[in-house]
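Structure first, then comments.
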Amino acid sequence: MSQVESRGTVVIAVDRCKGCELCIPACPPAVLSMSVDQNAIGFAYPELAPGCTGCGACLLVCPDFCFAVYGYDEPVLHEEEDTACAP
Amino acid sequence: MKGSMTHRMKLDTANPPAQAARQKGSFASGLQLTTDHDLCPGCGEPVALRALLDAVETLGLAQRTIGVVGIGCYTALTSMIDLDLIQALHGRAPSLATGAKRMRPDALLFTLQGDGDMVNEGLQEVIHTAARGENVTCVLLNNGVFGETGGHMTATTVIGQRTKNTLEGRDAAYHGHPILIGDLLAGLGGTSYVARGSVHDAAGVAKTRKYFERAFESQMRGEGFSFVEVLTMCPTGWFVPTKEGPGYLDEVMGSVHVTGELKVGGVLKRD
Ligand SMILES: Cc1ncc(C[n+]2csc(CCOP(=O)(O)OP(=O)(O)O)c2C)c(N)n1
Ligand code: SF4
Ligand code: SF4
Ligand code: SF4
Ligand SMILES: [Mg+2]
């Protein structure tokens with residue numbers, strides 16, 4: 001188990017995402033990654049892992065207005081499970 | 001798969017946070033009526049539009065703003081803009097803005113044009129408007145292609161850039177040289193403020209928004225013609241995957257149409 005702190009979070013409007021992936025490299029702590037599933041219009045969309053800082057970079061670069069950004073009053077801690085795959 | 005890896009936990013992003021939090025940014029600008037549009041995945045134009053609208057909103061000028069829109073992919077975004085707008089013929093927005101401003105001197109007048117619209121179809125319009133020192137702000141969304149009509153070369157396409165009719169890249173000997181319109185306008189006596197931004201990354205978007213604010217403030221002080229050029233991705237016209245659009249924009253276009261403020265308070269910042 002490892003602990004990760006989120007100072008902020010995002011709400012993602014996945015159903016209007018066009019899967020361009022511009023938000024992925026824009027996120028400084030790299031907590032966004034593309035889904036395996038597709039949304040209602042057939043695109044993969046970003047998913048959020050713990051560690052968001054609420055910086056708003058994703059909101060600035062998204063051409064489809066998919067992000068709302070929040071800053072937590074107190075950081076939120078997440079317990080992440082380390083799942084080791086056998087070599 | 002070999003080796004060890006951490007499966008990252010997925011957080012709920014469908015709902016606003018349950019814990020105490022403050023909203024730092026909403027989906028869209030307060031001057032947007034909708035969030036849905038039909039422009040391509042990875043297009044830079046909606047990003048630039050939001051920066052413009054955020055600047056108008058920040059300055060509290062929405063009630064006195066009039067936009068004049070040219071013809072290009074961005075024209076399809078007008079249905080989402082909660083401002084008074086005039087639709088111009090191709091390339092003619094600067095003259096319409098001039099007329100509106102002369103009748104409504106207290107209004108904030110901006111044009112919204114593409115490189116094909118401004119630098120090909122209506123080049124003399126923007127040059128004369130700038131040289132006369134008309135107190136309006138012309139805005140150029142520069143992607144180096146006639147995006148809407150299929151991605152052909154424009155007057156701003158840089159040497160080596162691939163477009164629908166320069167498949168081997170623009171060749172100076174055959175196609176001529178690009179016009180660096182921001183630099184050209186900055187050299188004219190009637191211009192007060194000229195800047196070139198780029199939406200290839202978050203810092204570029206934030207700077208672009210600042211440039212819009214400074215141009216609009218300059219216009220409201222009555223300093224004369226102001227100009228904001230924004231380099232925008234057109235992955236469809238360039239034949240590049242959407243995720244390579246920002247890098248291509250910065251490296252290929254940004255190395256020729258160099259970003260930054262070119263003129264402030266009527267004084268050239270670089271030559
Ligand atoms: C007088 C006239 N000529 C040609 C056209 C066709 N036309 C529509 S959009 C467009 C290209 C616009 O390019 P640009 O301004 O760069 O906008 P983009 O689509 O790249 O955003 C052209 C040539 C037209 N509508 N009217
Ligand atoms: S707000 Fe910042 S840290 Fe959080 S997901 Fe967006 S880019 Fe990443
Ligand atoms: S930038 Fe926006 S449209 Fe593109 S993948 Fe990310 S959320 Fe989807
Ligand atoms: S053709 Fe280019 S400019 Fe037009 S919507 Fe598509 S990506 Fe944007
Ligand atoms: Mg264009």
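Naming works like this for the structure tokens: A, B, ... for the chains as they're shown, residue 1 at the start of each chain, ligands 1 onward in shown order.
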
Could the residues of chain A within 8 Å of chain B, counting only C-alpha atoms, be given as an MDAnalysis selection string, please?
chainID A and resid 8:13 16 18:22 26 47:50 54 56:74 80:87

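Residues of stretch 185-226 of chain B assigned to strand (DSSP E or B) by DSSP on this structure's backbone: Thr191, Ser192, Tyr193, Val194, Ala195, Arg196, Gly197, Ser198, Phe225 and Ser226 of chain B.
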
For the residues selected in the previous step, produce a file with N, CA, C and O atoms as a CSV table (one decimal), in the first residue's frame.
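Dumped everything to result29.csv:
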```csv
chain,number,residue,atom,x,y,z
B,191,THR,N,-0.5,51.1,-35.2
B,191,THR,CA,-0.7,50.1,-34.3
B,191,THR,C,-0.1,50.4,-32.9
B,191,THR,O,1.0,50.9,-32.8
B,192,SER,N,-0.9,50.1,-31.8
B,192,SER,CA,-0.5,50.3,-30.5
B,192,SER,C,0.0,49.1,-29.8
B,192,SER,O,1.0,49.1,-29.1
B,193,TYR,N,-0.7,48.0,-30.0
B,193,TYR,CA,-0.4,46.7,-29.3
B,193,TYR,C,-0.5,45.5,-30.3
B,193,TYR,O,-1.5,45.4,-31.0
B,194,VAL,N,0.6,44.7,-30.3
B,194,VAL,CA,0.6,43.6,-31.2
B,194,VAL,C,1.3,42.4,-30.4
B,194,VAL,O,2.4,42.6,-29.8
B,195,ALA,N,0.6,41.3,-30.4
B,195,ALA,CA,1.2,40.1,-29.7
B,195,ALA,C,0.8,38.8,-30.4
B,195,ALA,O,-0.2,38.8,-31.1
B,196,ARG,N,1.7,37.8,-30.3
B,196,ARG,CA,1.4,36.5,-30.9
B,196,ARG,C,1.5,35.4,-29.8
B,196,ARG,O,2.5,35.2,-29.2
B,197,GLY,N,0.3,34.8,-29.6
B,197,GLY,CA,0.3,33.7,-28.6
B,197,GLY,C,0.2,32.4,-29.4
B,197,GLY,O,0.2,32.3,-30.6
B,198,SER,N,0.1,31.3,-28.6
B,198,SER,CA,0.0,29.9,-29.1
B,198,SER,C,-0.7,29.1,-28.1
B,198,SER,O,-0.4,29.2,-26.9
B,225,PHE,N,-5.0,50.9,-33.1
B,225,PHE,CA,-5.2,49.5,-33.5
B,225,PHE,C,-4.4,48.5,-32.6
B,225,PHE,O,-3.2,48.7,-32.3
B,226,SER,N,-5.1,47.5,-32.3
B,226,SER,CA,-4.4,46.4,-31.5
B,226,SER,C,-4.7,45.1,-32.3
B,226,SER,O,-5.7,44.9,-33.0
```

Atomic distance atom CA of B:Asp82 - atom 1 (S, counted along the ligand's line) of ligand 2, expressed in Å with one decimal:
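Here the two named atoms are 26.2 Å from each other.
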
Mind checking which residues fall within 6 Å of stretch 116-127 of chain B, counting only C-alpha atoms, ignoring those fewer than 2 positions away in the same chain, and posting them as a list in words?
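Non-adjacent residues within range: His90, Gly91, Arg92, Pro94, Gln113, Gly114, Thr129, Ala130, Phe146, Thr154 and Ala155 of chain B.
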
Go ahead and write the selection's residues with C-alpha atoms as a short mmCIF file (atom, residue, chain, number, x, y, z; two decimals), in the first residue's frame.
```
data_model
loop_
_atom_site.label_atom_id
_atom_site.label_comp_id
_atom_site.auth_asym_id
_atom_site.auth_seq_id
_atom_site.Cartn_x
_atom_site.Cartn_y
_atom_site.Cartn_z
CA HIS B 90 -14.78 36.62 -46.21
CA GLY B 91 -11.85 38.85 -45.13
CA ARG B 92 -13.94 41.98 -44.60
CA PRO B 94 -11.78 44.82 -40.14
CA GLN B 113 -10.56 35.77 -38.41
CA GLY B 114 -8.43 32.94 -39.73
CA THR B 129 -7.34 49.34 -40.71
CA ALA B 130 -4.04 49.08 -38.82
CA PHE B 146 -7.64 27.06 -45.17
CA THR B 154 -2.41 29.94 -47.05
CA ALA B 155 -0.21 33.02 -47.07
#
```

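Atom CA of A:Ala30 lies 16.3 Å from atom CA of A:Gln3.
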
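Interatomic distance, atom 5 (S, counted along the ligand's line) of ligand 3 to atom CA of A:Tyr45: 5.4 Å.
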
Environment of ligand 5 within 9 Å, counting only C-alpha atoms and all ligand atoms, reported as number ranges by chain
B: 72-73, 113-117, 140-148, 151-154, 156, 232, 234

Prev. selection, all heavy atoms, output as a short mmCIF file (atom, residue, chain, number, x, y, z; two decimals), in the first residue's frame:
```cif
data_model
loop_
_atom_site.label_atom_id
_atom_site.label_comp_id
_atom_site.auth_asym_id
_atom_site.auth_seq_id
_atom_site.Cartn_x
_atom_site.Cartn_y
_atom_site.Cartn_z
N GLY B 72 -14.53 30.76 -41.67
CA GLY B 72 -13.58 29.66 -41.46
C GLY B 72 -14.23 28.70 -40.49
O GLY B 72 -15.40 28.86 -40.13
N CYS B 73 -13.46 27.71 -40.03
CA CYS B 73 -14.04 26.73 -39.09
C CYS B 73 -14.59 27.42 -37.85
O CYS B 73 -15.63 27.04 -37.32
CB CYS B 73 -12.99 25.70 -38.71
SG CYS B 73 -12.57 24.60 -40.07
N GLN B 113 -10.87 36.14 -37.03
CA GLN B 113 -10.56 35.77 -38.41
C GLN B 113 -9.51 34.65 -38.44
O GLN B 113 -8.73 34.51 -37.50
CB GLN B 113 -10.00 36.98 -39.16
CG GLN B 113 -10.90 38.22 -39.11
CD GLN B 113 -10.25 39.43 -39.78
OE1 GLN B 113 -9.75 40.33 -39.11
NE2 GLN B 113 -10.24 39.44 -41.10
N GLY B 114 -9.47 33.94 -39.54
CA GLY B 114 -8.43 32.94 -39.73
C GLY B 114 -7.36 33.49 -40.66
O GLY B 114 -7.50 34.59 -41.21
N ASP B 115 -6.30 32.71 -40.86
CA ASP B 115 -5.22 33.16 -41.75
C ASP B 115 -5.70 33.23 -43.19
O ASP B 115 -5.35 34.17 -43.93
CB ASP B 115 -3.98 32.26 -41.61
CG ASP B 115 -4.30 30.78 -41.62
OD1 ASP B 115 -5.30 30.37 -41.01
OD2 ASP B 115 -3.54 30.02 -42.23
N GLY B 116 -6.53 32.27 -43.61
CA GLY B 116 -7.07 32.33 -44.96
C GLY B 116 -7.95 33.55 -45.14
O GLY B 116 -7.87 34.27 -46.14
N ASP B 117 -8.77 33.81 -44.15
CA ASP B 117 -9.70 34.94 -44.17
C ASP B 117 -8.94 36.28 -44.14
O ASP B 117 -9.16 37.15 -44.98
CB ASP B 117 -10.62 34.84 -42.95
CG ASP B 117 -11.68 35.91 -42.90
OD1 ASP B 117 -12.77 35.71 -43.47
OD2 ASP B 117 -11.43 36.96 -42.28
N LEU B 140 -6.46 37.09 -35.04
CA LEU B 140 -6.15 36.09 -36.06
C LEU B 140 -5.93 34.73 -35.42
O LEU B 140 -5.06 34.58 -34.55
CB LEU B 140 -4.87 36.50 -36.82
CG LEU B 140 -4.24 35.43 -37.71
CD1 LEU B 140 -5.18 35.02 -38.84
CD2 LEU B 140 -2.92 35.92 -38.29
N LEU B 141 -6.70 33.73 -35.86
CA LEU B 141 -6.43 32.35 -35.48
C LEU B 141 -5.62 31.75 -36.62
O LEU B 141 -6.15 31.49 -37.71
CB LEU B 141 -7.75 31.58 -35.27
CG LEU B 141 -8.73 32.20 -34.27
CD1 LEU B 141 -9.97 31.31 -34.12
CD2 LEU B 141 -8.08 32.45 -32.92
N ASN B 142 -4.33 31.59 -36.40
CA ASN B 142 -3.41 31.20 -37.47
C ASN B 142 -3.04 29.73 -37.37
O ASN B 142 -2.31 29.32 -36.46
CB ASN B 142 -2.15 32.09 -37.37
CG ASN B 142 -1.21 31.90 -38.55
OD1 ASN B 142 -1.49 31.11 -39.45
ND2 ASN B 142 -0.11 32.62 -38.53
N ASN B 143 -3.56 28.92 -38.31
CA ASN B 143 -3.19 27.50 -38.35
C ASN B 143 -2.45 27.15 -39.64
O ASN B 143 -2.15 25.99 -39.90
CB ASN B 143 -4.41 26.60 -38.15
CG ASN B 143 -5.55 26.92 -39.10
OD1 ASN B 143 -5.33 27.56 -40.13
ND2 ASN B 143 -6.75 26.48 -38.77
N GLY B 144 -2.18 28.17 -40.47
CA GLY B 144 -1.39 27.93 -41.67
C GLY B 144 -2.12 27.18 -42.77
O GLY B 144 -1.49 26.73 -43.73
N VAL B 145 -3.44 27.04 -42.64
CA VAL B 145 -4.23 26.36 -43.68
C VAL B 145 -5.62 26.98 -43.80
O VAL B 145 -6.14 27.57 -42.87
CB VAL B 145 -4.42 24.84 -43.40
CG1 VAL B 145 -3.16 24.05 -43.73
CG2 VAL B 145 -4.87 24.60 -41.97
N PHE B 146 -6.21 26.80 -44.99
CA PHE B 146 -7.64 27.06 -45.17
C PHE B 146 -8.33 25.83 -44.59
O PHE B 146 -8.68 24.89 -45.32
CB PHE B 146 -7.99 27.16 -46.66
CG PHE B 146 -7.58 28.43 -47.36
CD1 PHE B 146 -6.41 28.49 -48.10
CD2 PHE B 146 -8.39 29.56 -47.30
CE1 PHE B 146 -6.05 29.66 -48.77
CE2 PHE B 146 -8.03 30.73 -47.98
CZ PHE B 146 -6.86 30.78 -48.71
N GLY B 147 -8.50 25.80 -43.28
CA GLY B 147 -9.01 24.60 -42.63
C GLY B 147 -10.36 24.15 -43.15
O GLY B 147 -10.53 23.00 -43.56
N GLU B 148 -11.31 25.07 -43.17
CA GLU B 148 -12.69 24.68 -43.46
C GLU B 148 -12.87 24.11 -44.86
O GLU B 148 -13.70 23.23 -45.08
CB GLU B 148 -13.63 25.87 -43.27
CG GLU B 148 -15.09 25.43 -43.35
CD GLU B 148 -16.09 26.55 -43.25
OE1 GLU B 148 -15.69 27.71 -43.01
OE2 GLU B 148 -17.28 26.26 -43.42
N GLY B 151 -7.95 22.27 -45.96
CA GLY B 151 -6.57 22.24 -45.48
C GLY B 151 -5.53 22.61 -46.51
O GLY B 151 -4.43 22.03 -46.55
N HIS B 152 -5.83 23.58 -47.36
CA HIS B 152 -4.85 24.02 -48.35
C HIS B 152 -3.94 25.11 -47.80
O HIS B 152 -4.25 25.76 -46.81
CB HIS B 152 -5.58 24.53 -49.61
CG HIS B 152 -6.44 23.49 -50.25
ND1 HIS B 152 -7.71 23.23 -49.83
CD2 HIS B 152 -6.18 22.61 -51.25
CE1 HIS B 152 -8.22 22.24 -50.54
NE2 HIS B 152 -7.31 21.84 -51.41
N MET B 153 -2.82 25.33 -48.48
CA MET B 153 -1.83 26.34 -48.11
C MET B 153 -2.46 27.74 -48.07
O MET B 153 -3.28 28.08 -48.91
CB MET B 153 -0.72 26.32 -49.16
CG MET B 153 0.40 27.29 -48.91
SD MET B 153 1.60 27.28 -50.27
CE MET B 153 0.76 28.28 -51.50
N THR B 154 -2.02 28.53 -47.08
CA THR B 154 -2.41 29.94 -47.05
C THR B 154 -1.15 30.80 -47.13
O THR B 154 -0.03 30.27 -47.20
CB THR B 154 -3.15 30.32 -45.75
OG1 THR B 154 -2.22 30.26 -44.67
CG2 THR B 154 -4.34 29.42 -45.49
N THR B 156 0.20 32.25 -44.77
CA THR B 156 1.02 32.13 -43.55
C THR B 156 1.70 30.76 -43.43
O THR B 156 2.50 30.55 -42.52
CB THR B 156 0.20 32.38 -42.27
OG1 THR B 156 -0.69 31.27 -42.06
CG2 THR B 156 -0.59 33.67 -42.33
N THR B 232 -2.85 28.15 -33.76
CA THR B 232 -3.78 27.11 -33.33
C THR B 232 -3.54 25.81 -34.12
O THR B 232 -3.17 25.84 -35.29
CB THR B 232 -5.25 27.55 -33.56
OG1 THR B 232 -5.44 27.91 -34.93
CG2 THR B 232 -5.62 28.73 -32.68
N CYS B 234 -4.33 22.55 -36.25
CA CYS B 234 -5.30 22.00 -37.21
C CYS B 234 -4.80 20.61 -37.60
O CYS B 234 -4.25 20.41 -38.68
CB CYS B 234 -5.45 22.88 -38.44
SG CYS B 234 -6.57 22.15 -39.67
#
```
